[in-house]
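Q: For reference, this is upload.cif, and it has mmCIF, C-alpha atoms (C1' of nucleotides).
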```cif
data_my_file
loop_
_atom_site.label_atom_id
_atom_site.label_comp_id
_atom_site.auth_asym_id
_atom_site.auth_seq_id
_atom_site.Cartn_x
_atom_site.Cartn_y
_atom_site.Cartn_z
CA MET A 1 116.76 97.22 41.01
CA SER A 2 117.84 95.18 43.95
CA ALA A 3 116.04 95.76 47.23
CA GLN A 4 118.04 98.56 48.72
CA ARG A 5 117.83 99.75 52.28
CA ARG A 6 115.54 102.78 52.40
CA SER A 7 116.99 105.87 53.94
CA THR A 8 115.36 107.34 56.99
CA VAL A 9 114.24 110.31 54.95
CA ASP A 10 112.67 108.04 52.34
CA LEU A 11 110.80 106.12 54.99
CA ALA A 12 109.56 109.34 56.50
CA GLU A 13 108.43 110.72 53.16
CA GLU A 14 106.64 107.54 52.22
CA HIS A 15 104.87 107.68 55.53
CA LEU A 16 103.81 111.24 54.81
CA ARG A 17 102.65 110.43 51.31
CA ARG A 18 100.47 107.66 52.65
CA SER A 19 98.92 110.12 55.04
CA GLY A 20 98.16 112.42 52.17
CA VAL A 21 100.74 114.97 53.22
CA ARG A 22 102.57 116.64 50.39
CA THR A 23 106.28 116.44 49.95
CA THR A 24 107.75 119.91 49.66
CA PRO A 25 111.30 121.24 49.53
CA ALA A 26 111.06 122.66 53.03
CA ARG A 27 109.87 119.38 54.51
CA ARG A 28 112.52 117.40 52.71
CA LEU A 29 115.20 119.84 53.80
CA VAL A 30 114.18 119.64 57.45
CA LEU A 31 114.02 115.86 57.38
CA GLU A 32 117.43 115.63 55.79
CA LYS A 33 119.04 117.91 58.32
CA LEU A 34 117.42 116.26 61.31
CA SER A 35 118.32 112.80 60.11
CA ARG A 36 121.92 113.91 60.09
CA ALA A 37 121.76 115.56 63.51
CA ARG A 38 123.16 113.87 66.59
CA GLY A 39 120.38 115.00 68.83
CA PRO A 40 117.26 117.12 69.12
CA HIS A 41 117.37 120.68 67.79
CA THR A 42 115.44 123.89 68.30
CA ALA A 43 113.69 125.71 65.48
CA ASP A 44 116.30 128.40 65.74
CA GLU A 45 119.16 125.92 65.44
CA ILE A 46 117.54 124.32 62.42
CA ASN A 47 117.03 127.73 60.92
CA ILE A 48 120.73 128.42 61.27
CA ILE A 49 121.70 125.05 59.83
CA LEU A 50 119.43 125.76 56.88
CA ARG A 51 120.86 129.26 56.55
CA SER A 52 117.37 130.72 56.65
CA ALA A 53 116.41 128.89 53.48
CA VAL A 54 113.05 128.41 55.16
CA PRO A 55 111.65 131.45 56.96
CA LEU A 56 111.01 130.88 60.64
CA SER A 57 107.25 130.98 60.42
CA SER A 58 107.24 128.41 57.65
CA LEU A 59 109.78 126.37 59.51
CA TYR A 60 107.53 126.25 62.54
CA ARG A 61 104.66 125.18 60.33
CA THR A 62 106.82 122.51 58.77
CA LEU A 63 107.90 121.21 62.15
CA SER A 64 104.32 121.23 63.30
CA VAL A 65 103.11 119.22 60.31
CA LEU A 66 105.91 116.71 60.60
CA SER A 67 105.30 116.33 64.32
CA SER A 68 101.57 115.89 64.15
CA ASN A 69 101.99 113.33 61.41
CA GLY A 70 104.27 111.22 63.54
CA VAL A 71 107.50 111.83 61.69
CA LEU A 72 109.05 114.12 64.27
CA GLU A 73 108.79 114.32 68.02
CA ARG A 74 108.79 117.49 70.03
CA PHE A 75 109.73 118.11 73.63
CA HIS A 76 110.81 121.10 75.66
CA ASP A 77 114.28 121.47 77.05
CA GLY A 78 115.30 122.91 80.40
CA ALA A 79 114.96 126.44 79.10
CA GLY A 80 111.45 125.70 77.87
CA VAL A 81 112.40 125.86 74.22
CA ALA A 82 110.93 123.26 71.86
CA ARG A 83 113.34 120.72 70.45
CA TYR A 84 112.60 118.42 67.54
CA GLU A 85 114.00 115.09 66.44
CA LEU A 86 113.02 112.20 64.22
CA ALA A 87 110.32 110.02 65.74
CA GLU A 88 111.35 106.88 67.53
CA TRP A 89 109.99 104.54 64.89
CA LEU A 90 112.58 106.06 62.54
CA THR A 91 115.53 106.22 64.89
CA GLY A 92 114.79 103.59 67.50
CA HIS A 93 113.89 104.22 71.11
CA HIS A 94 116.50 106.22 72.96
CA HIS A 95 116.97 108.73 75.74
CA HIS A 96 118.75 112.00 76.28
CA ILE A 97 121.44 113.23 78.53
CA THR A 98 121.87 116.94 79.08
CA CYS A 99 124.88 118.70 80.52
CA SER A 100 123.73 120.82 83.41
CA ARG A 101 126.51 123.27 82.79
CA CYS A 102 126.64 123.90 79.06
CA GLY A 103 123.18 122.61 78.19
CA SER A 104 124.28 120.35 75.36
CA THR A 105 122.01 117.39 74.75
CA ARG A 106 123.00 114.02 73.34
CA ASP A 107 121.13 110.88 72.42
CA ILE A 108 121.85 107.94 74.61
CA ASP A 109 120.94 104.26 74.41
CA PHE A 110 120.14 101.68 77.00
CA SER A 111 120.44 97.99 76.36
CA GLN A 112 117.34 96.15 75.26
CA GLU A 113 117.35 94.33 78.55
CA THR A 114 117.47 97.56 80.51
CA GLU A 115 114.63 98.97 78.47
CA THR A 116 112.53 95.95 79.20
CA THR A 117 113.18 96.34 82.87
CA ILE A 118 112.33 100.00 82.83
CA ARG A 119 109.17 99.37 80.88
CA ARG A 120 108.09 96.77 83.39
CA PHE A 121 108.67 99.15 86.30
CA ALA A 122 106.81 101.88 84.47
CA ASP A 123 103.77 99.74 83.68
CA GLN A 124 103.62 98.60 87.25
CA ALA A 125 103.97 102.04 88.82
CA GLY A 126 101.54 103.57 86.37
CA ALA A 127 98.96 100.90 87.01
CA SER A 128 99.09 101.56 90.72
CA ALA A 129 98.18 105.16 89.97
CA GLY A 130 95.32 104.04 87.76
CA PHE A 131 97.06 104.79 84.48
CA ARG A 132 97.59 102.68 81.44
CA VAL A 133 101.18 103.48 80.53
CA THR A 134 101.82 104.08 76.85
CA GLY A 135 105.37 105.34 76.94
CA HIS A 136 108.16 106.75 79.00
CA ARG A 137 110.84 109.37 78.80
CA LEU A 138 113.98 108.97 80.84
CA ASP A 139 116.24 111.97 80.67
CA LEU A 140 119.56 112.04 82.41
CA GLU A 141 121.29 115.06 83.73
CA GLY A 142 124.99 115.30 84.30
CA LEU A 143 128.25 116.90 83.36
CA CYS A 144 129.71 116.29 79.95
CA SER A 145 133.35 115.47 79.39
CA GLN A 146 134.20 119.10 78.58
CA CYS A 147 132.46 120.57 81.58
CA ARG A 148 133.43 117.96 84.10
CA MET B 1 109.38 122.23 123.94
CA SER B 2 109.60 118.65 122.74
CA ALA B 3 111.26 117.99 119.44
CA GLN B 4 108.38 118.20 117.03
CA ARG B 5 108.47 117.16 113.43
CA ARG B 6 109.06 120.25 111.32
CA SER B 7 106.61 120.91 108.55
CA THR B 8 107.82 120.98 104.99
CA VAL B 9 107.20 124.69 104.85
CA ASP B 10 109.22 125.25 108.02
CA LEU B 11 112.11 123.26 106.63
CA ALA B 12 111.99 125.23 103.43
CA GLU B 13 111.91 128.56 105.24
CA GLU B 14 114.75 127.64 107.51
CA HIS B 15 116.73 126.69 104.46
CA LEU B 16 115.99 130.06 102.91
CA ARG B 17 116.87 131.94 106.06
CA ARG B 18 120.23 130.21 106.18
CA SER B 19 120.85 131.28 102.63
CA GLY B 20 120.11 134.84 103.60
CA VAL B 21 116.83 134.92 101.71
CA ARG B 22 114.09 136.87 103.38
CA THR B 23 110.83 135.33 104.39
CA THR B 24 107.94 137.28 102.91
CA PRO B 25 104.19 136.71 102.78
CA ALA B 26 104.26 135.87 99.10
CA ARG B 27 106.99 133.29 99.52
CA ARG B 28 105.25 131.69 102.47
CA LEU B 29 101.97 131.61 100.60
CA VAL B 30 103.48 129.90 97.58
CA LEU B 31 105.28 127.35 99.72
CA GLU B 32 102.14 126.56 101.65
CA LYS B 33 100.07 126.03 98.55
CA LEU B 34 102.67 123.95 96.76
CA SER B 35 103.25 121.78 99.80
CA ARG B 36 99.57 120.97 99.73
CA ALA B 37 99.46 120.31 95.98
CA ARG B 38 99.36 116.80 94.59
CA GLY B 39 101.68 117.57 91.75
CA PRO B 40 103.56 120.27 89.86
CA HIS B 41 101.70 123.46 88.96
CA THR B 42 102.06 126.29 86.49
CA ALA B 43 102.40 129.91 87.53
CA ASP B 44 98.94 130.49 86.19
CA GLU B 45 97.44 127.66 88.24
CA ILE B 46 99.14 128.92 91.37
CA ASN B 47 97.87 132.39 90.63
CA ILE B 48 94.34 131.03 90.49
CA ILE B 49 94.77 129.03 93.68
CA LEU B 50 96.04 132.18 95.38
CA ARG B 51 93.17 134.18 93.90
CA SER B 52 95.63 136.70 92.50
CA ALA B 53 96.82 137.59 96.00
CA VAL B 54 100.26 137.81 94.41
CA PRO B 55 100.39 139.56 91.03
CA LEU B 56 101.75 137.41 88.24
CA SER B 57 105.00 139.28 87.83
CA SER B 58 105.74 139.02 91.54
CA LEU B 59 104.67 135.41 91.51
CA TYR B 60 107.16 134.66 88.78
CA ARG B 61 109.85 136.41 90.78
CA THR B 62 108.90 134.45 93.84
CA LEU B 63 109.00 131.17 91.95
CA SER B 64 112.33 132.15 90.50
CA VAL B 65 113.85 132.94 93.89
CA LEU B 66 112.53 129.75 95.44
CA SER B 67 113.79 127.69 92.52
CA SER B 68 117.25 129.15 92.37
CA ASN B 69 117.63 128.66 96.10
CA GLY B 70 116.85 124.98 95.85
CA VAL B 71 113.45 125.01 97.50
CA LEU B 72 111.45 124.51 94.32
CA GLU B 73 112.14 122.68 91.11
CA ARG B 74 111.02 123.81 87.69
CA PHE B 75 110.47 121.83 84.54
CA HIS B 76 108.49 122.34 81.35
CA ASP B 77 105.47 120.26 80.50
CA GLY B 78 104.43 118.95 77.12
CA ALA B 79 102.98 122.31 76.15
CA GLY B 80 106.22 124.04 77.08
CA VAL B 81 104.77 125.77 80.12
CA ALA B 82 106.87 125.91 83.29
CA ARG B 83 105.65 123.83 86.22
CA TYR B 84 106.89 124.15 89.77
CA GLU B 85 106.94 121.79 92.72
CA LEU B 86 108.77 121.43 96.00
CA ALA B 87 112.36 120.25 95.58
CA GLU B 88 113.08 116.58 96.02
CA TRP B 89 114.95 117.00 99.28
CA LEU B 90 111.65 118.23 100.74
CA THR B 91 109.28 115.74 99.16
CA GLY B 92 111.48 112.76 98.39
CA HIS B 93 112.49 111.61 94.94
CA HIS B 94 109.57 110.82 92.70
CA HIS B 95 108.41 110.82 89.12
CA HIS B 96 105.47 112.05 87.11
CA ILE B 97 102.85 110.48 84.97
CA THR B 98 100.91 112.58 82.53
CA CYS B 99 97.68 111.68 80.82
CA SER B 100 98.16 112.07 77.10
CA ARG B 101 94.52 112.91 76.65
CA CYS B 102 93.59 115.36 79.39
CA GLY B 103 97.10 116.49 80.30
CA SER B 104 96.74 115.98 84.04
CA THR B 105 99.98 115.25 85.84
CA ARG B 106 100.40 113.22 89.01
CA ASP B 107 103.30 112.36 91.22
CA ILE B 108 104.28 108.75 91.17
CA ASP B 109 106.69 106.68 93.26
CA PHE B 110 108.90 103.78 92.44
CA SER B 111 110.17 101.38 95.05
CA GLN B 112 113.57 102.08 96.54
CA GLU B 113 114.83 98.97 94.85
CA THR B 114 113.58 100.10 91.47
CA GLU B 115 115.17 103.49 91.94
CA THR B 116 118.47 101.88 92.72
CA THR B 117 118.25 99.84 89.57
CA ILE B 118 117.37 102.83 87.45
CA ARG B 119 120.15 104.87 88.95
CA ARG B 120 122.63 102.14 88.19
CA PHE B 121 121.49 101.96 84.57
CA ALA B 122 121.65 105.71 84.30
CA ASP B 123 125.17 105.99 85.69
CA GLN B 124 126.35 103.30 83.36
CA ALA B 125 124.73 104.69 80.23
CA GLY B 126 125.85 108.21 81.05
CA ALA B 127 129.42 107.12 81.64
CA SER B 128 129.56 105.46 78.24
CA ALA B 129 128.65 108.83 76.73
CA GLY B 130 131.35 110.53 78.74
CA PHE B 131 129.01 112.10 81.27
CA ARG B 132 129.03 112.06 85.02
CA VAL B 133 125.37 111.53 85.80
CA THR B 134 124.00 113.69 88.59
CA GLY B 135 120.32 112.95 88.33
CA HIS B 136 117.54 111.56 86.23
CA ARG B 137 113.98 112.32 85.33
CA LEU B 138 111.66 109.50 84.35
CA ASP B 139 108.30 110.72 83.14
CA LEU B 140 105.60 108.31 82.18
CA GLU B 141 102.91 108.93 79.66
CA GLY B 142 99.62 107.15 79.64
CA LEU B 143 95.89 107.35 79.99
CA CYS B 144 94.39 108.15 83.35
CA SER B 145 91.45 106.28 84.78
CA GLN B 146 88.98 108.88 83.57
CA CYS B 147 90.30 109.04 80.03
CA ARG B 148 90.96 105.39 79.58
"C1'" DT C 1 118.25 152.92 108.02
"C1'" DT C 2 119.51 149.84 104.32
"C1'" DC C 3 118.58 146.76 101.01
"C1'" DC C 4 115.53 143.61 99.29
"C1'" DT C 5 110.89 142.89 97.58
"C1'" DT C 6 106.72 144.41 95.43
"C1'" DG C 7 103.45 146.18 91.90
"C1'" DC C 8 102.55 148.10 87.67
"C1'" DA C 9 103.43 148.59 83.03
"C1'" DA C 10 106.27 147.85 79.30
"C1'" DA C 11 109.51 144.77 77.02
"C1'" DC C 12 110.80 140.12 75.41
"C1'" DG C 13 111.34 135.91 72.92
"C1'" DA C 14 109.41 131.80 71.20
"C1'" DT C 15 105.66 130.42 68.61
"C1'" DT C 16 101.31 131.09 66.06
"C1'" DT C 17 98.19 133.03 62.74
"C1'" DG C 18 95.71 136.04 58.89
"C1'" DC C 19 95.95 136.78 54.33
"C1'" DA C 20 97.33 137.14 49.70
"C1'" DT C 21 100.38 134.49 46.65
"C1'" DT C 22 102.73 130.46 44.94
"C1'" DG C 23 103.27 125.79 43.83
"C1'" DG C 24 102.66 120.50 44.10
"C1'" DA C 25 100.01 116.53 42.38
"C1'" DT D 1 93.03 122.94 37.94
"C1'" DC D 2 92.48 122.98 42.97
"C1'" DC D 3 93.60 122.84 47.43
"C1'" DA D 4 97.53 122.93 50.28
"C1'" DA D 5 101.92 125.31 51.34
"C1'" DT D 6 104.49 129.59 51.60
"C1'" DG D 7 106.15 134.27 53.02
"C1'" DC D 8 105.48 138.32 55.30
"C1'" DA D 9 103.80 140.92 58.97
"C1'" DA D 10 101.13 141.23 62.88
"C1'" DA D 11 99.31 138.96 66.88
"C1'" DT D 12 99.77 135.72 71.03
"C1'" DC D 13 101.25 134.06 75.26
"C1'" DG D 14 104.21 132.82 78.87
"C1'" DT D 15 107.76 135.07 81.16
"C1'" DT D 16 111.05 138.80 82.33
"C1'" DT D 17 112.46 143.43 83.52
"C1'" DG D 18 112.79 148.76 84.66
"C1'" DC D 19 111.53 151.70 88.00
"C1'" DA D 20 109.45 153.94 91.87
"C1'" DA D 21 107.26 152.77 96.27
"C1'" DG D 22 106.78 149.70 100.28
"C1'" DG D 23 108.55 146.46 103.77
"C1'" DA D 24 111.73 143.11 106.40
"C1'" DA D 25 115.71 142.87 109.31
#
```
In structure tokens, write the structure found in this file.

A:
Amino acid sequence: MSAQRRSTVDLAEEHLRRSGVRTTPARRLVLEKLSRARGPHTADEINIILRSAVPLSSLYRTLSVLSSNGVLERFHDGAGVARYELAEWLTGHHHHITCSRCGSTRDIDFSQETETTIRRFADQAGASAGFRVTGHRLDLEGLCSQCR
Amino acid sequence: MSAQRRSTVDLAEEHLRRSGVRTTPARRLVLEKLSRARGPHTADEINIILRSAVPLSSLYRTLSVLSSNGVLERFHDGAGVARYELAEWLTGHHHHITCSRCGSTRDIDFSQETETTIRRFADQAGASAGFRVTGHRLDLEGLCSQCR
DNA sequence: TTCCTTGCAAACGATTTGCATTGGA
DNA sequence: TCCAATGCAAATCGTTTGCAAGGAA
């Protein structure tokens, strides 16, 4: 077999295996769907995409396991609902932009140069508050093309 | 009377009055406490600070009124709990840094120059996604001096 | 007086958990 | 086989709401 590029899902599952976390149909299903998604999704949205193949309580447990093992990341949107997406080491560092009218959220990228600049500002500002900065989250708010 | 600098609370109340929103003890109390706070607080924290002077349900209504009238801003922390703080037009634009170990959140400022740079990046990146950017939120994560 | 606001209790919705059962390695 | 994962139902917890009583303008 020639060295083939591993899919995101494969990488994630290998990571889990190495952590001693079992691969199960539900986990694979969630990883597959999220790797295909354009942005972060709520448990409810994932449940709909999966057509309830995984009951909500199990889905939450799945999302919890995947998050605490570093394969997914969780944050809370403007309505306070948890949204999940593949971890940055699988997708690359990125940000979000949310439409303040319809609430849709999209991934967004900054140039490497911009990221470097932001990181430098962040380290600096954090240090002056006595923090060692380990990461940042820059979310934009605006009006999407449909709502504009 | 000489022109005296208006307090943040006064400014907020005048703003409310102009919007036809009544001034009540509960609203004044919440504004006073939040204007003294170092950072954003949850309803529960405010309730404790106020020693339950305002019942939780009324407190939530108060926070809701103040938020929807532009005097407070609400966001959800890492645990998904709503946190409130005075709106930016009252406190000035700023960011937050949260300790990933103890969860404490502090306000943090960037220089005007840095803000300008960030805003420029944001506008640019948003535009390329078809959005008109109206604001941004840059939250830092790190370890505070105690937890470091 | 006229609405708006409050307080209490009940309702809600997202998320979590207990427990018996099933299934992966 | 053995321990972890699942499904269901019930429990939590932050937050919201209905309704009658109280209060600001």

Q: I need the contact residues of chain A against chain C, so if you could list those with any atom within 12 Å, counting all atoms listed in the file, and return them as a list in words, that would help.

A: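 The contacting residues on chain A are Arg17, Gly20, Val21, Arg22, Thr23, Thr24, Pro25, Thr42, Ala43, Asp44, Leu56, Ser57, Ser58, Leu59, Tyr60, Arg61, Leu63, Ser64, His76, Ala79, Gly80, Val81, Ala82 and Arg83 of chain A.
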
Q: Just the selected residues (C-alpha atoms), exported as a PDB file, keeping the file's coordinate frame, please.

A:
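And here is the file that came out, selection.pdb:
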```pdb
ATOM      1  CA  ARG A  17     102.650 110.430  51.310  1.00  0.00           C
ATOM      2  CA  GLY A  20      98.160 112.420  52.170  1.00  0.00           C
ATOM      3  CA  VAL A  21     100.740 114.970  53.220  1.00  0.00           C
ATOM      4  CA  ARG A  22     102.570 116.640  50.390  1.00  0.00           C
ATOM      5  CA  THR A  23     106.280 116.440  49.950  1.00  0.00           C
ATOM      6  CA  THR A  24     107.750 119.910  49.660  1.00  0.00           C
ATOM      7  CA  PRO A  25     111.300 121.240  49.530  1.00  0.00           C
ATOM      8  CA  THR A  42     115.440 123.890  68.300  1.00  0.00           C
ATOM      9  CA  ALA A  43     113.690 125.710  65.480  1.00  0.00           C
ATOM     10  CA  ASP A  44     116.300 128.400  65.740  1.00  0.00           C
ATOM     11  CA  LEU A  56     111.010 130.880  60.640  1.00  0.00           C
ATOM     12  CA  SER A  57     107.250 130.980  60.420  1.00  0.00           C
ATOM     13  CA  SER A  58     107.240 128.410  57.650  1.00  0.00           C
ATOM     14  CA  LEU A  59     109.780 126.370  59.510  1.00  0.00           C
ATOM     15  CA  TYR A  60     107.530 126.250  62.540  1.00  0.00           C
ATOM     16  CA  ARG A  61     104.660 125.180  60.330  1.00  0.00           C
ATOM     17  CA  LEU A  63     107.900 121.210  62.150  1.00  0.00           C
ATOM     18  CA  SER A  64     104.320 121.230  63.300  1.00  0.00           C
ATOM     19  CA  HIS A  76     110.810 121.100  75.660  1.00  0.00           C
ATOM     20  CA  ALA A  79     114.960 126.440  79.100  1.00  0.00           C
ATOM     21  CA  GLY A  80     111.450 125.700  77.870  1.00  0.00           C
ATOM     22  CA  VAL A  81     112.400 125.860  74.220  1.00  0.00           C
ATOM     23  CA  ALA A  82     110.930 123.260  71.860  1.00  0.00           C
ATOM     24  CA  ARG A  83     113.340 120.720  70.450  1.00  0.00           C
TER      25      ARG A  83
END
```

Q: Distance cut-off 6 Å, counting only C-alpha atoms - which residues of chain A neighbour chain B? Return them as number ranges by chain.

A: A: 76, 80, 130-145

Q: Where does the PyMOL selection byres ((chain D) within 8 of (chain B)) land in this file, that is, which residues does it pick, as a ChimeraX atom specification?

A: /D:14-15,24

Q: All in-order C-alpha pairs, least squares, chain B moved onto chain A. Output the fitted coordinates as a tab-separated table (two decimals) with C-alpha atoms, in the frame of the given file, please.

A:
```
chain	number	residue	atom	x	y	z
B	1	MET	CA	116.26	96.99	41.00
B	2	SER	CA	117.47	95.04	44.01
B	3	ALA	CA	115.80	95.67	47.31
B	4	GLN	CA	117.90	98.44	48.76
B	5	ARG	CA	117.75	99.67	52.30
B	6	ARG	CA	115.55	102.75	52.39
B	7	SER	CA	117.02	105.84	53.94
B	8	THR	CA	115.39	107.32	56.99
B	9	VAL	CA	114.27	110.29	54.95
B	10	ASP	CA	112.71	108.02	52.33
B	11	LEU	CA	110.83	106.11	54.99
B	12	ALA	CA	109.59	109.33	56.49
B	13	GLU	CA	108.45	110.70	53.15
B	14	GLU	CA	106.68	107.53	52.20
B	15	HIS	CA	104.90	107.67	55.51
B	16	LEU	CA	103.84	111.23	54.80
B	17	ARG	CA	102.69	110.42	51.30
B	18	ARG	CA	100.50	107.64	52.64
B	19	SER	CA	98.96	110.09	55.03
B	20	GLY	CA	98.18	112.38	52.15
B	21	VAL	CA	100.77	114.94	53.19
B	22	ARG	CA	102.58	116.61	50.35
B	23	THR	CA	106.29	116.41	49.92
B	24	THR	CA	107.76	119.89	49.64
B	25	PRO	CA	111.31	121.23	49.53
B	26	ALA	CA	111.08	122.65	53.02
B	27	ARG	CA	109.87	119.39	54.50
B	28	ARG	CA	112.55	117.40	52.73
B	29	LEU	CA	115.21	119.84	53.84
B	30	VAL	CA	114.19	119.64	57.48
B	31	LEU	CA	114.04	115.86	57.40
B	32	GLU	CA	117.45	115.63	55.82
B	33	LYS	CA	119.06	117.89	58.36
B	34	LEU	CA	117.41	116.27	61.35
B	35	SER	CA	118.31	112.80	60.15
B	36	ARG	CA	121.91	113.90	60.14
B	37	ALA	CA	121.75	115.57	63.56
B	38	ARG	CA	123.18	113.92	66.63
B	39	GLY	CA	120.37	115.00	68.86
B	40	PRO	CA	117.23	117.11	69.17
B	41	HIS	CA	117.34	120.68	67.87
B	42	THR	CA	115.40	123.89	68.37
B	43	ALA	CA	113.65	125.70	65.55
B	44	ASP	CA	116.26	128.39	65.83
B	45	GLU	CA	119.14	125.93	65.52
B	46	ILE	CA	117.54	124.32	62.49
B	47	ASN	CA	117.02	127.74	60.99
B	48	ILE	CA	120.72	128.43	61.36
B	49	ILE	CA	121.70	125.06	59.92
B	50	LEU	CA	119.43	125.77	56.96
B	51	ARG	CA	120.87	129.27	56.65
B	52	SER	CA	117.37	130.73	56.74
B	53	ALA	CA	116.44	128.88	53.55
B	54	VAL	CA	113.07	128.39	55.22
B	55	PRO	CA	111.68	131.44	57.03
B	56	LEU	CA	111.01	130.87	60.70
B	57	SER	CA	107.25	130.97	60.46
B	58	SER	CA	107.26	128.40	57.67
B	59	LEU	CA	109.80	126.35	59.55
B	60	TYR	CA	107.52	126.23	62.55
B	61	ARG	CA	104.67	125.16	60.32
B	62	THR	CA	106.83	122.51	58.78
B	63	LEU	CA	107.91	121.20	62.16
B	64	SER	CA	104.32	121.22	63.28
B	65	VAL	CA	103.12	119.22	60.28
B	66	LEU	CA	105.93	116.70	60.59
B	67	SER	CA	105.30	116.31	64.31
B	68	SER	CA	101.57	115.88	64.11
B	69	ASN	CA	102.00	113.30	61.38
B	70	GLY	CA	104.28	111.20	63.53
B	71	VAL	CA	107.52	111.81	61.68
B	72	LEU	CA	109.04	114.12	64.28
B	73	GLU	CA	108.76	114.30	68.02
B	74	ARG	CA	108.75	117.49	70.03
B	75	PHE	CA	109.65	118.09	73.63
B	76	HIS	CA	110.70	121.10	75.68
B	77	ASP	CA	114.17	121.45	77.11
B	78	GLY	CA	115.17	122.87	80.46
B	79	ALA	CA	114.82	126.42	79.18
B	80	GLY	CA	111.32	125.68	77.91
B	81	VAL	CA	112.29	125.85	74.25
B	82	ALA	CA	110.84	123.26	71.88
B	83	ARG	CA	113.27	120.71	70.46
B	84	TYR	CA	112.56	118.41	67.56
B	85	GLU	CA	113.99	115.09	66.46
B	86	LEU	CA	113.02	112.21	64.24
B	87	ALA	CA	110.30	110.02	65.74
B	88	GLU	CA	111.36	106.87	67.53
B	89	TRP	CA	110.00	104.53	64.89
B	90	LEU	CA	112.59	106.05	62.54
B	91	THR	CA	115.55	106.23	64.89
B	92	GLY	CA	114.81	103.58	67.49
B	93	HIS	CA	113.92	104.24	71.10
B	94	HIS	CA	116.52	106.22	72.96
B	95	HIS	CA	117.01	108.72	75.72
B	96	HIS	CA	118.77	112.01	76.27
B	97	ILE	CA	121.47	113.26	78.52
B	98	THR	CA	121.90	116.95	79.08
B	99	CYS	CA	124.90	118.70	80.52
B	100	SER	CA	123.75	120.83	83.42
B	101	ARG	CA	126.53	123.29	82.80
B	102	CYS	CA	126.68	123.90	79.06
B	103	GLY	CA	123.21	122.63	78.19
B	104	SER	CA	124.30	120.36	75.36
B	105	THR	CA	122.03	117.41	74.75
B	106	ARG	CA	123.02	114.03	73.34
B	107	ASP	CA	121.16	110.91	72.42
B	108	ILE	CA	121.89	107.97	74.61
B	109	ASP	CA	120.98	104.28	74.39
B	110	PHE	CA	120.19	101.71	76.99
B	111	SER	CA	120.51	98.01	76.37
B	112	GLN	CA	117.41	96.17	75.24
B	113	GLU	CA	117.42	94.36	78.54
B	114	THR	CA	117.53	97.58	80.50
B	115	GLU	CA	114.69	99.00	78.45
B	116	THR	CA	112.60	95.97	79.17
B	117	THR	CA	113.23	96.38	82.86
B	118	ILE	CA	112.38	100.05	82.80
B	119	ARG	CA	109.24	99.42	80.83
B	120	ARG	CA	108.14	96.82	83.33
B	121	PHE	CA	108.69	99.21	86.23
B	122	ALA	CA	106.85	101.92	84.39
B	123	ASP	CA	103.82	99.78	83.59
B	124	GLN	CA	103.62	98.66	87.16
B	125	ALA	CA	103.98	102.09	88.72
B	126	GLY	CA	101.55	103.62	86.25
B	127	ALA	CA	98.96	100.94	86.88
B	128	SER	CA	99.07	101.59	90.61
B	129	ALA	CA	98.16	105.21	89.84
B	130	GLY	CA	95.32	104.09	87.63
B	131	PHE	CA	97.07	104.83	84.35
B	132	ARG	CA	97.62	102.71	81.31
B	133	VAL	CA	101.21	103.53	80.44
B	134	THR	CA	101.88	104.11	76.76
B	135	GLY	CA	105.42	105.37	76.87
B	136	HIS	CA	108.18	106.79	78.97
B	137	ARG	CA	110.86	109.41	78.78
B	138	LEU	CA	114.02	109.00	80.82
B	139	ASP	CA	116.27	112.02	80.66
B	140	LEU	CA	119.58	112.06	82.40
B	141	GLU	CA	121.32	115.09	83.74
B	142	GLY	CA	125.01	115.31	84.28
B	143	LEU	CA	128.27	116.91	83.36
B	144	CYS	CA	129.74	116.28	79.95
B	145	SER	CA	133.38	115.48	79.40
B	146	GLN	CA	134.24	119.07	78.60
B	147	CYS	CA	132.48	120.57	81.59
B	148	ARG	CA	133.44	117.95	84.08
```

Q: List the residues matched by the PyMOL selection byres ((chain B and resi 8-12) around 7) in the displayed structure as a ChimeraX atom specification, ordered by chain and then by residue number.

A: /B:6-7,13-16,31-32,35,71,90

Q: Export C-alpha atoms of the chosen residues as a CSV table (one decimal), keeping the file's coordinate frame?

A:
```
chain,number,residue,atom,x,y,z
B,6,ARG,CA,109.1,120.2,111.3
B,7,SER,CA,106.6,120.9,108.6
B,13,GLU,CA,111.9,128.6,105.2
B,14,GLU,CA,114.8,127.6,107.5
B,15,HIS,CA,116.7,126.7,104.5
B,16,LEU,CA,116.0,130.1,102.9
B,31,LEU,CA,105.3,127.4,99.7
B,32,GLU,CA,102.1,126.6,101.6
B,35,SER,CA,103.2,121.8,99.8
B,71,VAL,CA,113.4,125.0,97.5
B,90,LEU,CA,111.6,118.2,100.7
```

Q: Just the number, please: distance in Å from atom CA of B:Thr105 to atom C1' of D:DT16, one decimal.

A: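 Separation of atom CA of B:Thr105 and atom C1' of D:DT16: 26.3 Å.
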
Q: Between atom CA of B:Ser104 and atom CA of B:Ile46, what is the distance in Å, rounded to a tenth?

A: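 Atom CA of B:Ser104 sits 15.1 Å away from atom CA of B:Ile46.
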
Q: One decimal, in Å: what's the spacing between atom CA of A:Tyr84 and atom CA of A:Ile48?

A: 14.3 Å
